[in-house]
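Down below is the structure, laid out as structure tokens.
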Amino acid sequence: MSKRVLLISTVWPEPVSSAAGVRTLQILEFCQKAGYLVQVSSPSAFNAFQTALETRGIPTHAIPANDSRFDELVRTFNPDVVIYDRFLMEEQFGARVFECVPQALRIIDSQDLHFLRKSRAATPGQWLEDDVERELASIYRSDHTWLLSDFEHELLVGEFQVDPSYVSTMGFSYKEEYKPCQTGRDHFVWIGNFRHAPNLDSFEWLVRDLWPKIRSQLPHAELHIYGAYPPESVMKMNGAVPGLKVLGPARDVSETLIKYRALLSPLRFGAGIKGKIAESWRVGLPVVTTPIGAEGMRLNTGEFGGAVSERSSPGNEAEDFIRTAVSFYEDSDAQEKSVILGQQTLSTKFSFETNFLHFYQTIEGVSKIKRRLRNQRWTQKILWREQFRSAQYFSKWIELKNSR
């Protein structure tokens, strides 16, 4: 009998807007390839992206958090596996899953370590302890967590001493349909969802500090900006700086990126895997980024499919990126090597078939030893004792309050 899988998604996946949407659709494709019966629930309101799932034959349910209709859904569907899209969904729905279908395997698809991204943005070099504790508690309450980045896996197991049986790395997954690097392309491109804080910071730093100096050394080059949900302030930047064109959302990411000579991705904070870089490699687009951008995306040899503005000394980050971008733009051999290394990375770390096998083996393997794992995991048992289940009772209090 086919396993039943309920995926609880933060939003209806938007593959044209964000790498997170691409990732969620990849998980759903894995479910269908494995022959699982899959349904998707989300606290988001119905929209066109939800309709797209229904068109693909995937039943959907729009149910907000703190609503007992979710209990009816989960009891009726009676899933064998529940996958939380990010730890926030485990926080919101985990207690109801635990109560209604305690036998279900509980897996978090992390997308990225939120506490890592938020700590880097707020207090570089220091952890936001509340965020760390919340996310680690969510991981410990669950049976398994997929991380997208080797770096994040090493961080949890090394610095935070998370038992390796709780986590594994499963990055983005691409079928091997790559395009070679093409000569004759011109101009730089930047792309990113403007609702994602690292992307907005990257755009502002690029336009304010980096691009004017890059342009002064490459007077014929242009920088074209694409991205979903651009605020009015971003769109007003079109033409405000010589060579800068702000073009709004890209209808087709691949067809957009393939036209350019190099992607600029000057990320100063963030976490996880950078979908914009992987998408660039797929279409033979060379990449210029920062150590944060390259994090988790290097080959095992340490090589990266692009130019990385390694920091020469504190405070010189802008100068380092400008020098790297200008040099790379004029070096066709470096560009070609960049794409070859990038596509090697896709084939080894982000292979569709390899990651599907990992996905399938995780669900089937952990399902077989779930009872033994739960009996041995004292931290998980402690967190599920009634006096520590504050999220469950807070949820029920909100539901009662909303009904009055």
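Scheme for the structure tokens: letters A, B, ... for chains in order shown; per-chain residue numbers from 1; ligand numbers from 1 in order shown.
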
Near-Gly306 of chain A list (6 Å; only C-alpha atoms; drop same-chain fewer than 3 positions) as a JSON list (two decimals) with C-alpha atoms, in the first residue's frame:
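Output below, filename out05.json:
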```json
[["chain", "number", "residue", "atom", "x", "y", "z"],
["A", 287, "VAL", "CA", 28.91, 33.60, -11.38],
["A", 288, "VAL", "CA", 30.56, 36.25, -9.20],
["A", 338, "SER", "CA", 33.40, 28.60, -13.77]]
```

Give me, as a list of chain:residue names, all polymer residues having an atom no more than 12 Å from Ala62 of chain A, counting only C-alpha atoms and skipping those fewer than 4 positions away in the same chain.
A:Ile8, A:Ser9, A:Thr10, A:Val11, A:Trp12, A:Gln39, A:Val40, A:Ser41, A:Ser42, A:Pro43, A:Ser44, A:Ala45, A:Phe46, A:Asn47, A:Phe49, A:Gln50, A:Thr51, A:Asp67, A:Arg69, A:Phe70, A:Leu73

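Using only C-alpha atoms, the residues found no farther than 12 Å from Glu317 of chain A, other than those of its own chain fewer than 3 positions away, are Trp205, Leu206, Asp209, Leu210, Pro266, Leu267, Arg268, Thr289, Thr290, Pro291, Ile292, Val308, Ser309, Glu310, Arg311, Ser312, Ser313, Pro314, Asp320, Phe321, Ile322, Arg323 and Thr324 of chain A.
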
Could you find all residues in segment 69-250 of chain A that DSSP calls alpha helix (DSSP H) from the backbone, and write them as an MDAnalysis selection string?
chainID A and resid 69:77 87:100 114:122 129:141 150:154 197:205 211:217 232:235

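With only C-alpha atoms as the atoms that count, the minimum distance from Pro230 of chain A to the choices A:Val167, A:Ser17, A:Ser367, A:Lys337 is reached by A:Ser17.
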
For Leu299 of chain A, find every residue with an atom within 12 Å (counting only C-alpha atoms), except residues of its own chain fewer than 4 positions away, and show them as a PyMOL selection string.
chain A and resi 149-150+294-295+303-306+340-350

Need the shell around Leu156 of chain A: protein/DNA/RNA residues with any atom at most 12 Å away, counting only C-alpha atoms. Skip same-chain ones fewer than 3 positions apart. Format as a VMD selection string?
chain A and resid 113 115 to 116 132 135 to 136 139 to 140 145 to 147 149 to 153 159 to 169

Residues near Glu29 of chain A, cut-off 12 Å, only C-alpha atoms, skip fewer than 4 positions along chain, as an NGL selection string
:A and (7 or 22-25 or 33-39 or 53 or 56-58 or 173-174 or 352-353 or 355-356 or 359-360)

With N, CA and C atoms retained, could you export that selection as a JSON list (two decimals), in the first residue's frame?
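Dumped to part-v3.json:
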```
[["chain", "number", "residue", "atom", "x", "y", "z"],
["A", 7, "LEU", "N", 2.27, 17.28, 3.17],
["A", 7, "LEU", "CA", 3.28, 18.34, 3.21],
["A", 7, "LEU", "C", 2.58, 19.62, 3.68],
["A", 22, "VAL", "N", 10.84, 26.41, -5.78],
["A", 22, "VAL", "CA", 11.42, 25.35, -6.60],
["A", 22, "VAL", "C", 11.68, 24.12, -5.73],
["A", 23, "ARG", "N", 12.24, 24.35, -4.56],
["A", 23, "ARG", "CA", 12.57, 23.25, -3.66],
["A", 23, "ARG", "C", 11.31, 22.47, -3.26],
["A", 24, "THR", "N", 10.25, 23.18, -2.89],
["A", 24, "THR", "CA", 9.03, 22.50, -2.46],
["A", 24, "THR", "C", 8.46, 21.65, -3.58],
["A", 25, "LEU", "N", 8.47, 22.17, -4.81],
["A", 25, "LEU", "CA", 7.98, 21.38, -5.93],
["A", 25, "LEU", "C", 8.86, 20.15, -6.18],
["A", 33, "LYS", "N", 7.17, 10.45, -7.65],
["A", 33, "LYS", "CA", 8.06, 9.46, -8.24],
["A", 33, "LYS", "C", 8.12, 8.20, -7.37],
["A", 34, "ALA", "N", 8.04, 8.38, -6.04],
["A", 34, "ALA", "CA", 8.07, 7.24, -5.12],
["A", 34, "ALA", "C", 6.74, 6.50, -5.07],
["A", 35, "GLY", "N", 5.71, 7.06, -5.69],
["A", 35, "GLY", "CA", 4.40, 6.43, -5.67],
["A", 35, "GLY", "C", 3.60, 6.74, -4.42],
["A", 36, "TYR", "N", 4.02, 7.77, -3.68],
["A", 36, "TYR", "CA", 3.29, 8.15, -2.47],
["A", 36, "TYR", "C", 2.04, 8.95, -2.83],
["A", 37, "LEU", "N", 1.02, 8.84, -2.00],
["A", 37, "LEU", "CA", -0.18, 9.67, -2.13],
["A", 37, "LEU", "C", 0.07, 10.95, -1.34],
["A", 38, "VAL", "N", 0.14, 12.08, -2.02],
["A", 38, "VAL", "CA", 0.56, 13.32, -1.35],
["A", 38, "VAL", "C", -0.54, 14.36, -1.39],
["A", 39, "GLN", "N", -0.70, 15.07, -0.31],
["A", 39, "GLN", "CA", -1.57, 16.23, -0.22],
["A", 39, "GLN", "C", -0.78, 17.37, 0.40],
["A", 53, "LEU", "N", -1.02, 23.41, -8.23],
["A", 53, "LEU", "CA", -0.84, 22.10, -7.60],
["A", 53, "LEU", "C", -2.02, 21.19, -7.90],
["A", 56, "ARG", "N", -1.83, 19.65, -11.18],
["A", 56, "ARG", "CA", -0.88, 18.54, -11.22],
["A", 56, "ARG", "C", -1.40, 17.29, -10.52],
["A", 57, "GLY", "N", -2.65, 17.36, -10.03],
["A", 57, "GLY", "CA", -3.24, 16.19, -9.38],
["A", 57, "GLY", "C", -2.92, 16.08, -7.92],
["A", 58, "ILE", "N", -2.51, 17.18, -7.29],
["A", 58, "ILE", "CA", -2.17, 17.16, -5.87],
["A", 58, "ILE", "C", -3.26, 17.88, -5.09],
["A", 173, "SER", "N", 17.72, 19.77, -6.31],
["A", 173, "SER", "CA", 17.82, 18.59, -7.16],
["A", 173, "SER", "C", 17.50, 18.97, -8.60],
["A", 174, "TYR", "N", 18.49, 18.77, -9.47],
["A", 174, "TYR", "CA", 18.33, 19.14, -10.87],
["A", 174, "TYR", "C", 18.65, 17.97, -11.78],
["A", 352, "PHE", "N", 19.35, 15.14, -9.30],
["A", 352, "PHE", "CA", 17.97, 14.74, -9.04],
["A", 352, "PHE", "C", 17.90, 13.28, -8.60],
["A", 353, "GLU", "N", 18.56, 12.41, -9.33],
["A", 353, "GLU", "CA", 18.47, 10.98, -9.02],
["A", 353, "GLU", "C", 19.12, 10.66, -7.68],
["A", 355, "ASN", "N", 19.57, 12.70, -5.07],
["A", 355, "ASN", "CA", 18.78, 13.23, -3.97],
["A", 355, "ASN", "C", 17.43, 12.54, -3.83],
["A", 356, "PHE", "N", 16.86, 12.07, -4.95],
["A", 356, "PHE", "CA", 15.63, 11.28, -4.83],
["A", 356, "PHE", "C", 15.90, 10.00, -4.05],
["A", 359, "PHE", "N", 16.08, 10.91, -0.45],
["A", 359, "PHE", "CA", 14.72, 11.18, 0.02],
["A", 359, "PHE", "C", 13.98, 9.87, 0.33],
["A", 360, "TYR", "N", 14.02, 8.96, -0.62],
["A", 360, "TYR", "CA", 13.28, 7.70, -0.48],
["A", 360, "TYR", "C", 13.87, 6.86, 0.65]]
```

Assign secondary structure with DSSP using the backbone only, and return the residues of segment 236-290 of chain A in strand (DSSP E or B) as a PyMOL selection string.
chain A and resi 244-246+262-265+287-289

Could you write out that same residue set with C-alpha atoms as a PDB file, in the first residue's frame?
```pdb
ATOM      1  CA  LEU A 244      21.406  50.233 -14.386  1.00  0.00           C
ATOM      2  CA  LYS A 245      18.114  48.761 -15.602  1.00  0.00           C
ATOM      3  CA  VAL A 246      15.503  47.498 -13.137  1.00  0.00           C
ATOM      4  CA  ALA A 262      27.925  37.052 -15.588  1.00  0.00           C
ATOM      5  CA  LEU A 263      25.652  36.878 -12.554  1.00  0.00           C
ATOM      6  CA  LEU A 264      26.466  39.234  -9.691  1.00  0.00           C
ATOM      7  CA  SER A 265      25.410  37.901  -6.284  1.00  0.00           C
ATOM      8  CA  VAL A 287      28.910  33.603 -11.384  1.00  0.00           C
ATOM      9  CA  VAL A 288      30.561  36.247  -9.199  1.00  0.00           C
ATOM     10  CA  THR A 289      29.700  36.044  -5.510  1.00  0.00           C
TER      11      THR A 289
END
```

Name all residues at most 12 Å from Gln103 of chain A (count only C-alpha atoms; drop same-chain ones fewer than 5 positions away) and give them as an MDAnalysis selection string.
chainID A and resid 74:75 78:82 97:98 143 367:368 370:371 374

Writer output for current selection, C-alpha atoms, as a CSV table (one decimal), in the first residue's frame:
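Result went into part_30.csv, see below:
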```csv
chain,number,residue,atom,x,y,z
A,74,VAL,CA,-5.1,15.1,9.4
A,75,ARG,CA,-7.3,12.5,11.0
A,78,ASN,CA,-4.2,9.7,8.3
A,79,PRO,CA,-0.8,10.3,6.8
A,80,ASP,CA,2.1,8.0,7.3
A,81,VAL,CA,4.5,10.9,6.8
A,82,VAL,CA,4.2,14.6,7.6
A,97,VAL,CA,0.0,16.3,14.3
A,98,PHE,CA,1.4,14.7,17.4
A,143,ASP,CA,12.1,12.4,13.6
A,367,SER,CA,10.0,4.7,9.2
A,368,LYS,CA,11.3,1.2,9.9
A,370,LYS,CA,11.0,5.1,14.1
A,371,ARG,CA,9.8,3.3,17.3
A,374,ARG,CA,11.7,7.5,19.7
```

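Of the listed residues (A:Arg195, A:His187, A:Arg208, A:Arg134), A:His187 comes nearest to Lys259 of chain A; the distances count only C-alpha atoms.
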
Å distance separating atom CA of Ala197 of chain A from atom CA of Val339 of chain A, one decimal place:
27.3 Å

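Relative to atom CA of Ile369 of chain A, atom CA of Glu72 of chain A is found at 27.8 Å.
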
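Closest approach to His358 of chain A from the set A:Tyr329, A:Asn300, A:Ile83, A:Ile27 is made by A:Ile27, with distances taken over only C-alpha atoms.
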
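Computed from the coordinates, the atom CA of Leu223 of chain A to atom CA of Pro13 of chain A distance equals 28.5 Å.
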